[in-house]
file run-v2.txt (compact mmCIF, C-alpha atoms)
# COMPACT_ATOMS: atom_id res chain seq x y z
CA MET A 1 -83.26 135.55 -130.47
CA PRO A 2 -80.91 135.46 -127.42
CA ARG A 3 -78.84 138.56 -126.78
CA PRO A 4 -75.06 138.10 -127.24
CA VAL A 5 -73.09 137.60 -124.05
CA LEU A 6 -70.69 140.50 -123.55
CA LYS A 7 -67.19 139.81 -122.30
CA PRO A 8 -66.06 141.63 -119.12
CA ALA A 9 -63.47 144.36 -119.56
CA ALA A 10 -62.07 147.38 -117.70
CA ALA A 11 -61.73 151.04 -118.61
CA TYR A 12 -59.63 153.95 -117.42
CA LEU A 13 -60.89 157.54 -117.47
CA ARG A 14 -58.95 160.66 -116.62
CA VAL A 15 -59.34 164.43 -116.88
CA SER A 16 -56.88 167.02 -115.66
CA SER A 17 -59.09 169.17 -113.44
CA LYS A 18 -62.10 168.75 -111.18
CA ALA A 19 -64.07 171.19 -113.35
CA GLN A 20 -63.97 168.74 -116.27
CA THR A 21 -66.27 165.74 -116.58
CA LEU A 22 -65.64 162.14 -117.53
CA ASP A 23 -68.96 161.73 -119.35
CA MET A 24 -67.61 161.98 -122.91
CA GLN A 25 -64.92 159.38 -122.36
CA ARG A 26 -67.33 157.06 -120.52
CA HIS A 27 -69.92 157.25 -123.30
CA ALA A 28 -67.39 156.68 -126.10
CA ILE A 29 -65.81 153.71 -124.32
CA THR A 30 -69.17 152.13 -123.49
CA GLN A 31 -70.25 152.33 -127.14
CA ALA A 32 -66.92 151.04 -128.46
CA ALA A 33 -66.85 148.16 -126.01
CA ALA A 34 -70.39 147.08 -126.90
CA THR A 35 -69.47 147.15 -130.59
CA ARG A 36 -66.56 144.80 -129.88
CA GLY A 37 -68.69 142.49 -127.76
CA ASP A 38 -67.28 143.70 -124.42
CA GLN A 39 -68.95 145.00 -121.27
CA ILE A 40 -67.09 147.35 -118.96
CA THR A 41 -67.39 145.79 -115.52
CA THR A 42 -64.59 147.76 -113.83
CA TRP A 43 -64.10 151.51 -114.16
CA TYR A 44 -60.98 153.35 -113.00
CA ALA A 45 -61.43 157.11 -112.99
CA GLU A 46 -59.66 160.15 -111.57
CA LYS A 47 -59.44 163.90 -112.00
CA LEU A 48 -55.71 164.52 -111.80
CA SER A 49 -52.95 165.80 -114.01
CA ALA A 50 -50.93 163.15 -115.85
CA LYS A 51 -47.61 164.84 -115.13
CA THR A 52 -46.78 161.76 -113.08
CA ILE A 53 -47.84 158.12 -113.29
CA ASP A 54 -47.97 157.89 -109.50
CA ARG A 55 -51.76 158.33 -109.28
CA PRO A 56 -54.18 156.36 -107.06
CA ALA A 57 -56.55 154.98 -109.72
CA LEU A 58 -53.75 154.17 -112.15
CA HIS A 59 -51.79 152.52 -109.34
CA GLN A 60 -54.81 150.31 -108.54
CA LEU A 61 -55.32 149.53 -112.24
CA ARG A 62 -51.73 148.36 -112.61
CA ALA A 63 -51.99 146.20 -109.50
CA ASP A 64 -55.23 144.62 -110.73
CA ALA A 65 -53.70 143.98 -114.16
CA ARG A 66 -50.78 142.14 -112.56
CA ALA A 67 -53.28 140.14 -110.50
CA GLY A 68 -55.10 139.10 -113.70
CA ARG A 69 -58.42 140.71 -112.76
CA PHE A 70 -59.14 141.78 -116.33
CA SER A 71 -57.78 140.92 -119.75
CA ARG A 72 -58.81 143.98 -121.76
CA LEU A 73 -58.49 147.67 -120.93
CA TYR A 74 -60.16 150.54 -122.77
CA VAL A 75 -58.80 154.10 -122.77
CA TYR A 76 -59.97 157.05 -124.82
CA ARG A 77 -56.38 158.01 -125.71
CA LEU A 78 -52.96 156.88 -124.51
CA ASP A 79 -52.32 160.29 -122.97
CA ARG A 80 -55.07 159.48 -120.47
CA LEU A 81 -52.64 156.94 -118.99
CA ALA A 82 -49.56 159.16 -119.02
CA ARG A 83 -48.66 162.59 -120.28
CA SER A 84 -45.31 162.98 -118.58
CA GLY A 85 -43.30 161.65 -121.50
CA VAL A 86 -43.01 158.71 -123.82
CA ARG A 87 -40.97 156.71 -121.30
CA ASP A 88 -43.78 156.71 -118.72
CA THR A 89 -46.37 155.81 -121.35
CA LEU A 90 -44.22 152.97 -122.66
CA GLN A 91 -43.67 151.71 -119.10
CA VAL A 92 -47.41 151.42 -118.44
CA VAL A 93 -48.12 149.88 -121.85
CA ASP A 94 -45.32 147.35 -121.37
CA GLU A 95 -46.68 146.41 -117.92
CA LEU A 96 -50.11 145.77 -119.41
CA ARG A 97 -48.71 143.63 -122.22
CA THR A 98 -46.60 141.65 -119.74
CA ALA A 99 -49.79 140.99 -117.76
CA ASN A 100 -51.49 139.79 -120.98
CA VAL A 101 -53.89 142.74 -120.96
CA ASP A 102 -55.24 143.78 -124.35
CA LEU A 103 -55.09 147.60 -124.53
CA VAL A 104 -57.69 149.32 -126.70
CA THR A 105 -57.27 153.03 -127.44
CA LEU A 106 -60.11 154.75 -129.26
CA ALA A 107 -58.89 158.09 -130.58
CA ASP A 108 -55.18 157.60 -131.34
CA GLY A 109 -55.54 156.21 -134.85
CA PHE A 110 -53.53 153.04 -134.28
CA ASP A 111 -54.28 149.59 -132.92
CA LEU A 112 -52.12 148.03 -130.21
CA ARG A 113 -53.67 144.64 -130.85
CA GLY A 114 -52.93 144.16 -134.56
CA PRO A 115 -49.75 143.34 -136.50
CA ALA A 116 -48.67 147.00 -136.40
CA ALA A 117 -48.50 146.93 -132.59
CA GLU A 118 -44.81 145.97 -132.52
CA ILE A 119 -43.97 148.83 -134.89
CA VAL A 120 -45.90 151.32 -132.74
CA LEU A 121 -44.16 150.10 -129.58
CA ALA A 122 -40.75 150.16 -131.29
CA VAL A 123 -41.31 153.79 -132.27
CA MET A 124 -42.43 154.57 -128.71
CA ALA A 125 -39.31 152.89 -127.32
CA TRP A 126 -37.08 154.87 -129.70
CA ALA A 127 -38.87 158.11 -128.78
CA ALA A 128 -38.45 157.28 -125.08
CA GLN A 129 -34.71 156.80 -125.55
CA MET A 130 -34.40 160.09 -127.45
CA GLU A 131 -36.42 161.80 -124.72
CA ARG A 132 -34.06 160.50 -122.03
CA LEU A 133 -30.97 161.58 -123.99
CA ALA A 134 -32.43 165.06 -124.46
CA ILE A 135 -33.15 165.32 -120.72
CA ASN A 136 -29.59 164.24 -119.88
CA GLU A 137 -28.18 166.82 -122.29
CA ARG A 138 -30.27 169.59 -120.73
CA ILE A 139 -29.16 168.54 -117.23
CA ALA A 140 -25.50 168.49 -118.26
CA ALA A 141 -25.80 171.91 -119.94
CA ALA A 142 -27.49 173.37 -116.85
CA ARG A 143 -24.76 172.01 -114.59
CA VAL A 144 -21.99 173.54 -116.74
CA ARG A 145 -23.79 176.89 -116.82
CA ILE A 146 -24.33 177.00 -113.04
CA GLU A 147 -20.75 176.00 -112.24
CA ASP A 148 -19.35 178.49 -114.79
CA GLU A 149 -21.33 181.21 -113.02
CA GLY A 150 -19.76 180.20 -109.71
CA GLY A 151 -22.83 178.38 -108.44
CA HIS A 152 -23.05 175.04 -106.68
CA TRP A 153 -24.58 172.00 -108.37
CA GLY A 154 -26.46 169.42 -106.34
CA ARG A 155 -27.77 169.64 -102.82
CA PRO A 156 -27.68 173.09 -101.22
CA ARG A 157 -24.61 173.65 -99.08
CA ARG A 158 -25.23 173.12 -95.37
CA LEU A 159 -22.52 175.67 -94.56
CA THR A 160 -21.29 178.79 -96.29
CA ARG A 161 -17.69 178.95 -97.42
CA GLN A 162 -16.92 181.23 -94.47
CA GLU A 163 -18.43 178.71 -92.04
CA GLU A 164 -16.49 175.88 -93.67
CA ALA A 165 -13.28 177.87 -93.24
CA ARG A 166 -14.11 178.42 -89.57
CA VAL A 167 -14.70 174.69 -89.06
CA ARG A 168 -11.30 173.88 -90.55
CA LYS A 169 -9.58 176.56 -88.43
CA LEU A 170 -11.12 175.17 -85.24
CA ALA A 171 -10.02 171.69 -86.26
CA ASP A 172 -6.47 172.95 -86.90
CA ASP A 173 -6.55 174.45 -83.39
CA GLY A 174 -7.15 170.98 -82.00
CA ARG A 175 -10.88 171.22 -81.30
CA SER A 176 -12.82 167.96 -81.47
CA HIS A 177 -15.71 167.40 -83.88
CA ARG A 178 -18.14 167.55 -81.00
CA ALA A 179 -16.69 170.82 -79.69
CA ILE A 180 -16.83 172.36 -83.17
CA ALA A 181 -20.43 171.26 -83.61
CA VAL A 182 -21.44 172.76 -80.26
CA ALA A 183 -19.55 176.00 -80.92
CA LEU A 184 -21.09 176.53 -84.36
CA LYS A 185 -24.48 174.93 -83.54
CA ILE A 186 -24.33 172.48 -86.43
CA PRO A 187 -24.67 168.67 -86.54
CA LYS A 188 -21.58 166.70 -85.64
CA SER A 189 -22.08 164.62 -88.81
CA THR A 190 -21.75 167.79 -90.91
CA VAL A 191 -18.43 168.56 -89.25
CA GLY A 192 -17.26 165.01 -89.83
CA ARG A 193 -18.15 165.04 -93.52
CA LEU A 194 -16.41 168.38 -94.04
CA LEU A 195 -13.21 167.24 -92.35
CA LEU A 196 -12.98 163.88 -94.11
CA PRO A 197 -9.58 163.45 -95.77
CA GLN A 198 -9.77 164.26 -99.45
CA LYS A 199 -9.24 161.32 -101.77
CA PRO A 200 -6.28 161.87 -104.07
CA THR A 201 -7.13 162.49 -107.69
CA PRO A 202 -5.45 160.29 -110.33
CA SER A 203 -3.17 163.21 -111.25
CA SER A 204 -1.87 163.38 -107.64
CA TYR A 205 -0.77 159.78 -107.48
CA PRO A 206 3.02 159.38 -107.51
CA SER A 207 4.14 158.27 -110.91
CA LYS A 208 5.83 154.91 -111.09
CA PRO A 209 9.26 154.79 -112.67
CA ALA A 210 9.32 153.24 -116.10
CA PRO A 211 10.50 149.63 -115.99
CA LYS A 212 14.06 149.09 -117.09
CA ARG A 213 14.47 147.40 -120.41
CA LEU A 214 16.47 144.23 -120.14
CA ARG A 215 19.08 143.68 -122.77
CA ALA A 216 19.61 140.28 -124.20
CA PRO A 217 22.98 138.81 -123.26
CA ARG A 218 25.62 138.93 -125.94
CA LEU A 219 26.53 135.59 -127.39
CA PRO A 220 30.22 134.70 -127.58
CA LYS A 221 31.74 135.05 -131.03

call {"tool": "encode", "arguments": {"input": "run-v2.txt", "output": "structure tokens"}}
result
Amino acid sequence: MPRPVLKPAAAYLRVSSKAQTLDMQRHAITQAAATRGDQITTWYAEKLSAKTIDRPALHQLRADARAGRFSRLYVYRLDRLARSGVRDTLQVVDELRTANVDLVTLADGFDLRGPAAEIVLAVMAWAAQMERLAINERIAAARVRIEDEGGHWGRPRRLTRQEEARVRKLADDGRSHRAIAVALKIPKSTVGRLLLPQKPTPSSYPSKPAPKRLRAPRLPK
């Protein structure tokens, strides 16, 4: 009796540290693929944290998926692809689906190939949106706290407040930007940005007089 021909597929393996091994994931995927009539012909593996999706093996996998070099990808769990948040996971999954790659996850308890796939992805998309809103709220709260404490939000100041005051004083004395930069040993561009004219805020705009109301002419009696 002829042996069944196995279809080519790819697999992605990842562990977080070099002390861990990929053997368990490799064995489980090999067995699962054979059961489904697939043969893993391309393996992508790396020993890196999933705190970012900018990883060499994953980058190559995504490029190969877009190039159509495989049509089915096996992973042990979705968190092998990304563990930096639902948004990153959804981004990778959506890329694979756009490239017509069938994603098989072994240990998550749901199937991304069946009729429930759209529900799973909808929940992931909702969770990604909630995750982004929560991040924005934390950033806004941190900004308010820092500014209330007298701190500066954003890039670190190039100059202290005392140095900024000295730049303005030298400018008031008629010194050029170049002379100020040489005197204080700072870039000329920094001086220029500091001395840019401030844009008026909406509250500082001169108010326009209210238009006069025109009265209708009186008709003769």

call {"tool": "closest_atom_pairs", "arguments": {"input": "run-v2.txt", "of": "region 26-61 of chain A", "to": "region 73-85 of chain A", "cutoff": "9 Å", "atoms": "only C-alpha atoms", "output": "tab-separated table"}}
result
residue	atom	partner	partner_atom	distance
A:Arg26	CA	A:Tyr76	CA	8.5
A:Ala28	CA	A:Tyr76	CA	7.5
A:Ile29	CA	A:Tyr74	CA	6.7
A:Ala32	CA	A:Tyr74	CA	8.9
A:Ala33	CA	A:Tyr74	CA	7.8
A:Ile40	CA	A:Tyr74	CA	8.5
A:Ser49	CA	A:Arg83	CA	8.2
A:Ala50	CA	A:Arg83	CA	5.0
A:Lys51	CA	A:Ser84	CA	4.5
A:Thr52	CA	A:Ser84	CA	5.8
A:Ile53	CA	A:Ala82	CA	6.1
A:Leu58	CA	A:Leu81	CA	7.5

call {"tool": "closest_residue", "arguments": {"input": "run-v2.txt", "among": "A:Thr42, A:Gln162, A:Ser71, A:Thr21", "to": "Ala57 (chain A)", "atoms": "all atoms listed in the file"}}
result
A:Thr42

call {"tool": "atom_distance", "arguments": {"input": "run-v2.txt", "atom1": "CA of Met130 (chain A)", "atom2": "CA of Arg97 (chain A)"}}
result
22.4 Å

call {"tool": "residues_around", "arguments": {"input": "run-v2.txt", "residues": "Asn100 (chain A)", "least_positions_apart": "2", "cutoff": "9 Å", "atoms": "all atoms listed in the file", "output": "ChimeraX atom specification"}}
result
/A:65-66,68,71-72,95-98,102

call {"tool": "closest_residue", "arguments": {"input": "run-v2.txt", "among": "A:Glu163, A:Asp148, A:Glu118, A:Asp172", "to": "Val93 (chain A)", "atoms": "only C-alpha atoms"}}
result
A:Glu118

call {"tool": "closest_residue", "arguments": {"input": "run-v2.txt", "among": "A:Ser16, A:Thr105, A:Asn136, A:Gln25", "to": "Arg55 (chain A)", "atoms": "all atoms listed in the file"}}
result
A:Ser16

call {"tool": "residues_around", "arguments": {"input": "run-v2.txt", "residues": "Val15 (chain A)", "least_positions_apart": "4", "cutoff": "7 Å", "atoms": "only C-alpha atoms", "output": "PDB file with C-alpha atoms, in the frame of the given file"}}
result
ATOM      1  CA  GLN A  20     -63.970 168.740-116.270  1.00  0.00           C
ATOM      2  CA  LEU A  22     -65.640 162.140-117.530  1.00  0.00           C
ATOM      3  CA  GLU A  46     -59.660 160.150-111.570  1.00  0.00           C
ATOM      4  CA  LYS A  47     -59.440 163.900-112.000  1.00  0.00           C
ATOM      5  CA  LEU A  48     -55.710 164.520-111.800  1.00  0.00           C
TER       6      LEU A  48
END

call {"tool": "atom_distance", "arguments": {"input": "run-v2.txt", "atom1": "CA of Ala122 (chain A)", "atom2": "CA of Ala10 (chain A)"}}
result
25.4 Å

call {"tool": "atom_distance", "arguments": {"input": "run-v2.txt", "atom1": "CA of Leu112 (chain A)", "atom2": "CA of Asp38 (chain A)"}}
result
16.8 Å

call {"tool": "closest_residue", "arguments": {"input": "run-v2.txt", "among": "A:Ile146, A:Trp126, A:Glu164, A:Asp108", "to": "Leu184 (chain A)", "atoms": "only C-alpha atoms"}}
result
A:Glu164

call {"tool": "closest_residue", "arguments": {"input": "run-v2.txt", "among": "A:Arg87, A:Arg161, A:Lys18, A:Arg175", "to": "Ala45 (chain A)", "atoms": "only C-alpha atoms"}}
result
A:Lys18

call {"tool": "axis_aligned_box", "arguments": {"input": "run-v2.txt", "around": "region 73-88 of chain A", "padding_each_side": "3 Å", "output": "JSON"}}
result
{"center_x": -50.6, "center_y": 155.3, "center_z": -122.1, "size_x": 25.2, "size_y": 21.3, "size_z": 13.1}

call {"tool": "residues_around", "arguments": {"input": "run-v2.txt", "residues": "Ala171 (chain A)", "least_positions_apart": "6", "cutoff": "12 Å", "atoms": "all atoms listed in the file", "output": "VMD selection string"}}
result
chain A and resid 164 to 165 177 to 181 183 191 to 192 194 to 196

call {"tool": "closest_residue", "arguments": {"input": "run-v2.txt", "among": "A:Ala11, A:Asp173, A:Ile186, A:Glu137", "to": "Val101 (chain A)", "atoms": "all atoms listed in the file"}}
result
A:Ala11
